[in-house]
Structures are given as structure tokens and as C-alpha cells.
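As provided, work06.txt (compact mmCIF, C-alpha atoms and all ligand atoms) reads as follows.
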```txt
# COMPACT_ATOMS: atom_id res chain seq x y z
CA MET A 363 141.83 107.57 129.72
CA ASN A 364 142.79 103.98 130.45
CA LYS A 365 139.33 102.93 129.30
CA ILE A 366 139.79 104.75 125.97
CA VAL A 367 143.18 103.08 125.47
CA LYS A 368 141.64 99.68 126.20
CA THR A 369 138.74 100.31 123.83
CA ILE A 370 141.13 101.35 121.04
CA ALA A 371 143.32 98.31 121.80
CA LYS A 372 140.24 96.11 121.50
CA LEU A 373 139.44 97.61 118.10
CA VAL A 374 143.00 97.23 116.84
CA TYR A 375 143.57 93.77 118.30
CA PRO A 376 140.17 92.13 118.30
CA ASP A 377 141.47 88.58 118.75
CA GLY A 378 142.12 88.81 122.48
CA LEU A 379 145.78 89.65 122.09
CA CYS A 380 145.59 92.39 124.70
CA CYS A 381 145.87 91.92 128.45
CA ILE A 382 142.46 92.36 130.07
CA SER A 383 144.05 94.32 132.95
CA CYS A 384 146.68 96.68 131.50
CA GLY A 385 145.37 96.67 127.93
CA ASN A 386 148.86 96.11 126.51
CA GLU A 387 149.28 93.93 123.48
CA MET A 388 150.41 90.45 124.49
CA PHE A 389 153.09 88.85 122.36
CA VAL A 390 153.48 85.10 122.82
CA ASP A 391 156.17 85.55 125.49
CA ASP A 392 154.05 88.06 127.48
CA ARG A 393 151.04 85.80 127.80
CA ALA A 394 150.34 84.20 131.15
CA ASP A 395 146.90 82.86 130.19
CA VAL A 396 143.95 83.71 127.96
CA CYS A 397 143.15 86.93 129.87
CA PHE A 398 146.28 88.32 131.52
CA CYS A 399 149.87 89.18 130.65
CA LYS A 400 152.64 87.85 132.92
CA LYS A 401 152.90 91.19 134.73
CA CYS A 402 149.19 91.35 135.61
CA LEU A 403 148.34 87.67 136.20
CA PRO A 404 146.31 87.39 139.41
CA GLN A 405 146.18 84.22 141.45
CA ARG A 406 144.31 81.49 139.60
CA ASN A 407 141.72 79.54 141.55
CA ALA A 408 143.83 76.39 141.39
CA HIS A 409 142.73 74.67 144.62
CA TYR A 410 139.05 74.93 145.29
CA CYS A 411 136.12 73.37 147.12
CA LYS A 412 134.79 70.50 144.99
CA ILE A 413 131.21 71.61 145.67
CA CYS A 414 131.00 75.38 145.78
CA GLY A 415 134.29 76.21 144.02
CA VAL A 416 135.63 78.77 146.53
CA GLY A 417 139.40 79.06 146.71
CA LEU A 418 141.19 76.89 149.26
CA PRO A 419 144.66 77.37 150.68
CA LYS A 420 145.93 73.81 150.28
CA SER A 421 145.66 71.30 147.50
CA THR A 422 145.05 68.55 150.06
CA GLN A 423 141.64 69.89 151.09
CA ASP A 424 138.66 68.90 148.98
CA TYR A 425 135.95 71.01 150.64
CA CYS A 426 135.61 74.40 152.30
CA ASN A 427 134.60 74.33 155.96
CA SER A 428 130.96 75.17 155.30
CA CYS A 429 130.54 72.45 152.64
CA LEU A 430 132.46 70.01 154.85
CA HIS A 431 130.19 70.58 157.83
CA ILE A 432 126.78 71.12 156.29
CA GLY A 433 127.45 69.21 153.08
CA LYS A 434 125.09 69.93 150.24
CA GLU A 435 122.20 70.76 152.54
CA GLY A 436 120.82 74.14 151.52
CA ILE A 437 122.98 74.26 148.39
CA TYR A 438 120.89 73.98 145.26
CA PHE A 439 123.56 73.99 142.55
CA ASP A 440 125.45 70.78 141.83
CA ALA A 441 128.84 72.46 141.48
CA ALA A 442 130.33 75.93 141.01
CA ARG A 443 133.67 76.87 139.46
CA ALA A 444 135.61 80.09 138.72
CA PRO A 445 138.98 80.68 137.02
CA TYR A 446 140.10 83.51 139.35
CA LEU A 447 139.89 84.55 142.98
CA TYR A 448 138.00 87.69 143.91
CA ARG A 449 140.92 88.95 145.94
CA ASP A 450 143.52 90.58 143.70
CA ASP A 451 142.95 94.23 142.80
CA SER A 452 143.21 93.52 139.07
CA VAL A 453 140.32 91.01 139.26
CA LYS A 454 138.21 93.34 141.42
CA ALA A 455 138.82 96.24 138.99
CA ILE A 456 137.75 94.18 135.97
CA VAL A 457 134.58 92.93 137.65
CA HIS A 458 133.79 96.50 138.71
CA ASP A 459 134.43 97.94 135.22
CA LEU A 460 132.27 95.28 133.59
CA LYS A 461 129.40 96.13 135.90
CA TYR A 462 129.59 99.85 136.54
CA ASN A 463 131.86 101.45 133.93
CA GLY A 464 130.15 100.31 130.77
CA GLY A 465 132.81 97.66 130.23
CA GLN A 466 130.72 95.27 128.12
CA TYR A 467 133.73 94.87 125.80
CA LEU A 468 135.50 93.10 128.72
CA ALA A 469 132.93 90.28 128.69
CA GLU A 470 134.39 88.67 125.56
CA TYR A 471 137.86 88.52 127.16
CA MET A 472 136.60 87.42 130.59
CA SER A 473 134.51 84.66 129.03
CA LYS A 474 137.65 83.01 127.55
CA ALA A 475 138.94 81.90 130.95
CA MET A 476 135.42 80.82 132.01
CA ILE A 477 135.03 78.72 128.83
CA GLU A 478 138.34 76.98 129.56
CA VAL A 479 137.13 76.03 133.05
CA VAL A 480 133.71 74.81 131.84
CA LYS A 481 135.40 72.66 129.18
CA ALA A 482 137.58 71.04 131.85
CA GLN A 483 134.51 69.80 133.79
CA ASP A 484 132.53 66.66 133.02
CA TRP A 485 129.31 68.67 132.93
CA LYS A 486 126.60 67.77 130.46
CA ILE A 487 124.90 71.08 129.63
CA ASP A 488 121.65 71.46 127.69
CA GLU A 489 121.13 75.20 128.10
CA ILE A 490 123.02 78.24 129.37
CA THR A 491 121.38 80.94 131.43
CA TYR A 492 122.47 83.87 133.61
CA VAL A 493 121.64 85.72 136.81
CA PRO A 494 118.94 88.22 135.76
CA LEU A 495 118.67 91.84 136.83
CA HIS A 496 115.37 93.48 137.67
CA TRP A 497 114.20 95.16 134.43
CA ARG A 498 114.49 98.57 136.05
CA LYS A 499 118.11 97.96 137.06
CA GLU A 500 118.96 96.61 133.60
CA GLN A 501 117.34 99.63 131.98
CA LYS A 502 119.41 101.94 134.20
CA ARG A 503 122.68 100.09 133.48
CA GLY A 504 121.88 99.53 129.84
CA TYR A 505 122.91 95.89 129.91
CA ASN A 506 123.16 92.82 132.12
CA GLN A 507 126.84 91.95 132.62
CA SER A 508 126.10 88.27 133.34
CA LYS A 509 124.07 87.95 130.15
CA CYS A 510 127.01 89.49 128.20
CA LEU A 511 129.31 86.75 129.58
CA ALA A 512 126.70 84.03 129.00
CA LYS A 513 126.29 85.06 125.35
CA TYR A 514 130.00 84.51 124.60
CA ILE A 515 130.07 81.22 126.51
CA SER A 516 126.97 80.03 124.64
CA GLU A 517 128.54 80.91 121.26
CA ALA A 518 131.86 79.25 122.08
CA LEU A 519 130.32 76.03 123.39
CA ASN A 520 127.53 76.01 120.81
CA ILE A 521 124.90 75.51 123.52
CA PRO A 522 121.67 77.58 123.42
CA LEU A 523 121.27 80.62 125.66
CA THR A 524 117.95 80.86 127.49
CA ASP A 525 116.33 83.58 129.61
CA ALA A 526 115.36 80.95 132.18
CA LEU A 527 115.02 83.34 135.12
CA LYS A 528 113.64 86.77 135.89
CA LYS A 529 114.16 89.04 138.87
CA THR A 530 110.74 89.91 140.20
CA VAL A 531 111.69 92.12 143.13
CA TYR A 532 113.83 95.24 142.88
CA THR A 533 116.33 95.01 145.73
CA ARG A 534 117.34 98.55 146.61
CA THR A 535 119.91 97.80 149.28
CA SER A 536 123.20 96.78 147.76
CA ALA A 537 123.30 93.10 148.68
CA ALA A 538 127.09 93.12 148.38
CA ARG A 539 127.40 95.20 151.54
CA LEU A 540 125.27 92.89 153.67
CA GLY A 541 126.37 89.96 155.80
CA LYS A 542 125.89 86.40 154.61
CA ASP A 543 122.58 85.77 156.41
CA ASP A 544 121.05 89.18 155.62
CA ARG A 545 122.00 88.79 151.98
CA LYS A 546 120.34 85.38 151.83
CA LYS A 547 117.18 86.76 153.45
CA LEU A 548 117.08 89.77 151.13
CA LEU A 549 117.27 87.59 148.01
CA GLU A 550 114.79 84.91 149.09
CA GLY A 551 111.92 84.61 146.62
CA THR A 552 113.15 87.47 144.41
CA PHE A 553 113.74 85.29 141.32
CA ALA A 554 111.10 83.49 139.27
CA LEU A 555 111.14 81.00 136.45
CA ASN A 556 110.78 82.58 133.02
CA LYS A 557 111.16 79.50 130.80
CA ASP A 558 110.63 75.76 131.13
CA VAL A 559 113.72 74.00 132.50
CA ASN A 560 112.10 70.63 133.24
CA LYS A 561 114.70 67.80 133.11
CA LYS A 562 117.33 70.15 131.67
CA ASN A 563 120.98 70.48 132.69
CA ILE A 564 121.57 74.19 133.14
CA LEU A 565 124.77 76.23 133.27
CA LEU A 566 124.17 79.40 135.30
CA VAL A 567 126.51 82.31 134.53
CA ASP A 568 127.36 85.21 136.85
CA ASP A 569 130.25 87.67 136.98
CA VAL A 570 131.37 86.97 140.53
CA MET A 571 130.45 84.82 143.51
CA THR A 572 131.15 86.77 146.70
CA SER A 573 128.67 84.83 148.80
CA LYS A 574 126.77 81.82 147.54
CA ALA A 575 123.46 83.64 148.08
CA THR A 576 122.71 84.84 144.53
CA SER A 577 123.78 81.70 142.65
CA ASN A 578 122.07 79.57 145.27
CA GLU A 579 118.77 81.44 145.12
CA CYS A 580 118.78 81.24 141.29
CA SER A 581 119.66 77.53 141.45
CA LYS A 582 116.84 76.96 143.93
CA THR A 583 114.36 78.53 141.49
CA LEU A 584 115.73 76.39 138.63
CA LYS A 585 115.52 73.22 140.74
CA GLU A 586 111.95 74.09 141.75
CA GLY A 587 111.29 74.18 138.00
CA LYS A 588 112.61 70.59 137.92
CA ALA A 589 115.98 71.34 136.31
CA LYS A 590 118.03 68.12 136.46
CA HIS A 591 121.42 69.66 137.22
CA VAL A 592 122.50 73.26 137.81
CA TYR A 593 126.17 74.18 137.39
CA VAL A 594 127.51 77.65 138.13
CA ILE A 595 130.38 79.42 136.39
CA THR A 596 131.64 82.85 137.48
CA PHE A 597 134.73 84.86 136.46
CA ALA A 598 135.87 85.06 140.07
CA THR A 599 134.97 83.57 143.42
CA SER A 600 135.74 84.29 147.04
CA VAL A 601 138.34 82.61 149.21
CA GLY A 602 136.87 79.79 151.29
CA ASP A 603 136.12 80.04 155.00
CA ASN A 604 139.14 77.86 155.70
CA GLU A 605 141.17 81.01 155.23
CA GLN A 606 138.82 83.86 156.03
CA THR A 607 135.16 84.38 156.74
CA TYR A 608 132.82 85.62 154.06
ZN ZN B 701 148.76 93.20 131.74
ZN ZN B 702 132.42 74.73 149.54
```
Please render this file's structure as C-alpha cells.
Amino acid sequence: MNKIVKTIAKLVYPDGLCCISCGNEMFVDDRADVCFCKKCLPQRNAHYCKICGVGLPKSTQDYCNSCLHIGKEGIYFDAARAPYLYRDDSVKAIVHDLKYNGGQYLAEYMSKAMIEVVKAQDWKIDEITYVPLHWRKEQKRGYNQSKCLAKYISEALNIPLTDALKKTVYTRTSAARLGKDDRKKLLEGTFALNKDVNKKNILLVDDVMTSKATSNECSKTLKEGKAKHVYVITFATSVGDNEQTY
């Protein structure tokens, strides 16, 4: 029912005047940011690791523990950022609806906050790409949620969208349920280059970064294809290991 209400709201108010979470129309006074009304606003990712972008508890810290101790070793993207933390229920519900409940219409709204964050960086971007799904998974779902987000970001920034990567191995086990090391192992070598990225600065789009494994494996493939810089933007990211393990 809520989904129907949201869909109708989207048709009636196509300019993003509805809250992405409750679907209510947002008058100027109700707006907390581009996505949420004041009642639904989750915690913004205001203090984050300068490398991997995970949320940090204090503004005084510049890096999460893992980036602080191992530095950039083993990290293939140059920086990652996300407007929200993958912690509040409202954020989790939106990410879930986008992926599993046919919520493609949410992508346009979600992309607004991501565009704001990308614009605030000093990134030079030549092309925008996204985390691919195996063709069988995409066929089953009917769409790739990351590509939906990437399309809106590409339009707004006027930077070309490219299918730079493909997923060559169908990973049956839900990687989300695995531990950090198992997830990394499961994803190793499962992406391949689909287009030439030589000397290009690439923005990689995904819906959420719960571990760095997916974005990192995609970035590794792009860097092996001689991409100059790889930046990652997701709608939400996890809380850094300074606060909890992930
Ligand atoms: Zn709301
Ligand atoms: Zn970090």
C-alpha cells in the first residue's frame, strides 16, 4: 500500500517534492535535505574517513582504523563518499526497496543527495560507470539498481555513462551475509573490463557500501585496465571500525 502511495505521489509531484521515506509532500518548511523531510531525516555521513568514506564518530579523526593502519595498501579506489550512513532503518528500507521491491522510481530521488556529494569533491571525472550484475541476476530482477542511480548522476553532471565493467561469475551465495574476508574471496576475479578505460578518471556508482569488497574489486579491475583515478559514490556507507566492526 505504502508503495502505491509513493508511486502516486511521484506521479503527482515529479519534482522531488516528496520525502523519499514517508512519501509525504514536502513543503519548504518540512524539508531537511534533498531526499528527506525533517521527521524522517536519518543521520548524514558528516564525519567520514578521507579515504574510504565510512562514517566516523568524531570530526577530529581523518581516517578509519583500517585505513589508518594499512593505509591505501589493497585499496584500489582513490576515494569513496556517501551522503548517508547505512545504519538508520529508513536508509536500510530505501536501499532494500530499490533493490528488491521494484523501487526503480526511488533512484531519481536517491541520486540527488549523491550528486550533491560528488559536486562537493574536487574530482575530475571523465566517465561514470556502475557495479554490474551478472546478466542472469539482472534478467531476474529486471534492472540493475546501481545503473539506475548512475544514469541520473550522469544526466545531472553531464558526464557520459559507460558500461565499463561486466560481472562474469554468478555468485549464488548472498555476499552480504558473509564476513569481510569471505566476501572478498568470493568476489575475487568475478568482474571483467567491458570497455576501454585507459587513462580515464572514472566515477563508480553503487547503491550501498557495506564492506569495501565490491567497490574495491570493481576498482581493481578498472585500475588493471589503466584507469587513472577511480572514485566511488554510494547512497549509504557503513560506520567505520572505530565504532564497530564490519
Ligand atoms: Zn518523511
Ligand atoms: Zn577508511
Please write out the residues within 7 Å of ligand ZN 701 (chain B) as an mmCIF file with C-alpha atoms, in the frame of the given file, counting only C-alpha atoms and all ligand atoms.
```
data_model
loop_
_atom_site.group_PDB
_atom_site.id
_atom_site.type_symbol
_atom_site.label_atom_id
_atom_site.label_comp_id
_atom_site.auth_asym_id
_atom_site.auth_seq_id
_atom_site.Cartn_x
_atom_site.Cartn_y
_atom_site.Cartn_z
ATOM 1 C CA CYS A 381 145.870 91.920 128.450
ATOM 2 C CA ILE A 382 142.460 92.360 130.070
ATOM 3 C CA SER A 383 144.050 94.320 132.950
ATOM 4 C CA CYS A 384 146.680 96.680 131.500
ATOM 5 C CA GLY A 385 145.370 96.670 127.930
ATOM 6 C CA ASN A 386 148.860 96.110 126.510
ATOM 7 C CA PHE A 398 146.280 88.320 131.520
ATOM 8 C CA CYS A 399 149.870 89.180 130.650
ATOM 9 C CA LYS A 400 152.640 87.850 132.920
ATOM 10 C CA LYS A 401 152.900 91.190 134.730
ATOM 11 C CA CYS A 402 149.190 91.350 135.610
#
```
Separating CA of Asn556 (chain A) from CA of Gly436 (chain A), to the nearest tenth of an Å, is a gap of 22.7 Å
For a quick check of understanding, using all atoms listed in the file, which of A:Ile456, A:Phe439, A:Glu489, A:Ile432 has the smallest distance to Glu586 (chain A)?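 The answer is A:Phe439, which sits nearest to Glu586 (chain A).
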Of the candidates A:Asn506, A:Ser577, A:Thr530, A:Asn427, which one gets nearest to ligand ZN 702 (chain B) if we count all atoms listed in the file? A:Asn427
List the neighbours of region 569-575 of chain A out to 6 Å using all atoms listed in the file; skip same-chain residues closer than 4 positions along the sequence, and give me the result as a PDB file with C-alpha atoms, keeping the file's coordinate frame.
```pdb
ATOM      1  CA  SER A 508     126.100  88.270 133.340  1.00  0.00           C
ATOM      2  CA  LYS A 546     120.340  85.380 151.830  1.00  0.00           C
ATOM      3  CA  GLU A 579     118.770  81.440 145.120  1.00  0.00           C
ATOM      4  CA  THR A 596     131.640  82.850 137.480  1.00  0.00           C
ATOM      5  CA  PHE A 597     134.730  84.860 136.460  1.00  0.00           C
ATOM      6  CA  ALA A 598     135.870  85.060 140.070  1.00  0.00           C
ATOM      7  CA  THR A 599     134.970  83.570 143.420  1.00  0.00           C
ATOM      8  CA  SER A 600     135.740  84.290 147.040  1.00  0.00           C
TER       9      SER A 600
END
```
Nearby residues, ligand ZN 702 (chain B), 10 Å, all atoms listed in the file, as a list in words: Tyr410, Cys411, Lys412, Ile413, Cys414, Gly415, Val416, Gly417, Leu418, Asp424, Tyr425, Cys426, Asn427, Ser428, Cys429, Leu430, His431, Ile432, Gly433, Lys434, Ile437, Ala441, Ala442, Lys574, Val601, Gly602, Asp603 and Asn604 of chain A
List the neighbours of region 500-505 of chain A out to 12 Å using only C-alpha atoms; skip same-chain residues closer than 3 positions along the sequence, and give me the result as a ChimeraX atom specification. /A:460-467,469,493-497,508-511,528-529,532
One number please: CA of Lys588 (chain A) to CA of Asp544 (chain A), in Å, one decimal. 27.0 Å
Just want the 9 Å neighbourhood of Cys580 (chain A), counted on only C-alpha atoms, with same-chain residues fewer than 2 positions away dropped. Output as a PyMOL selection string. chain A and resi 438-439+492-494+527+552-554+566+575-578+582-585
Point-to-point distance in Å for CA of Asn563 (chain A) and CA of Leu523 (chain A): 12.3 Å
For region 394-416 of chain A, which lacks atoms in the input, supply N, CA and C atoms and format the output as a CSV table (one decimal), in the coordinates of the input.
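Dumped to rebuild12.csv:
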```csv
chain,number,residue,atom,x,y,z
A,394,ALA,N,150.3,85.1,130.0
A,394,ALA,CA,150.3,84.2,131.2
A,394,ALA,C,149.2,83.2,131.0
A,395,ASP,N,148.1,83.7,130.5
A,395,ASP,CA,146.9,82.9,130.2
A,395,ASP,C,146.0,83.6,129.2
A,396,VAL,N,144.8,83.1,129.0
A,396,VAL,CA,144.0,83.7,128.0
A,396,VAL,C,143.5,85.2,128.3
A,397,CYS,N,143.6,85.6,129.5
A,397,CYS,CA,143.2,86.9,129.9
A,397,CYS,C,144.3,87.9,130.2
A,398,PHE,N,145.3,87.4,130.9
A,398,PHE,CA,146.3,88.3,131.5
A,398,PHE,C,147.7,88.1,131.0
A,399,CYS,N,148.5,89.3,131.0
A,399,CYS,CA,149.9,89.2,130.6
A,399,CYS,C,150.6,88.7,131.9
A,400,LYS,N,151.9,88.4,131.8
A,400,LYS,CA,152.6,87.8,132.9
A,400,LYS,C,152.7,88.9,134.1
A,401,LYS,N,152.8,90.1,133.7
A,401,LYS,CA,152.9,91.2,134.7
A,401,LYS,C,151.6,91.3,135.6
A,402,CYS,N,150.5,91.1,134.9
A,402,CYS,CA,149.2,91.4,135.6
A,402,CYS,C,148.5,90.1,136.1
A,403,LEU,N,149.1,88.9,135.8
A,403,LEU,CA,148.3,87.7,136.2
A,403,LEU,C,148.0,87.6,137.7
A,404,PRO,N,146.7,87.6,138.0
A,404,PRO,CA,146.3,87.4,139.4
A,404,PRO,C,146.4,85.9,139.8
A,405,GLN,N,146.1,85.6,141.0
A,405,GLN,CA,146.2,84.2,141.4
A,405,GLN,C,145.0,83.4,140.8
A,406,ARG,N,145.4,82.3,140.2
A,406,ARG,CA,144.3,81.5,139.6
A,406,ARG,C,143.7,80.7,140.7
A,407,ASN,N,142.4,80.3,140.5
A,407,ASN,CA,141.7,79.5,141.6
A,407,ASN,C,142.1,78.1,141.3
A,408,ALA,N,143.3,77.7,141.7
A,408,ALA,CA,143.8,76.4,141.4
A,408,ALA,C,143.3,75.3,142.3
A,409,HIS,N,143.2,75.6,143.6
A,409,HIS,CA,142.7,74.7,144.6
A,409,HIS,C,141.4,75.2,145.2
A,410,TYR,N,140.4,74.4,144.9
A,410,TYR,CA,139.0,74.9,145.3
A,410,TYR,C,138.2,73.8,145.9
A,411,CYS,N,137.1,74.3,146.5
A,411,CYS,CA,136.1,73.4,147.1
A,411,CYS,C,135.4,72.6,146.0
A,412,LYS,N,135.4,71.3,146.1
A,412,LYS,CA,134.8,70.5,145.0
A,412,LYS,C,133.3,70.7,144.8
A,413,ILE,N,132.6,71.3,145.8
A,413,ILE,CA,131.2,71.6,145.7
A,413,ILE,C,131.0,73.1,145.2
A,414,CYS,N,131.4,74.0,146.1
A,414,CYS,CA,131.0,75.4,145.8
A,414,CYS,C,132.1,76.2,145.0
A,415,GLY,N,133.3,75.6,144.9
A,415,GLY,CA,134.3,76.2,144.0
A,415,GLY,C,135.1,77.3,144.6
A,416,VAL,N,134.9,77.7,145.9
A,416,VAL,CA,135.6,78.8,146.5
A,416,VAL,C,137.1,78.4,146.7
```
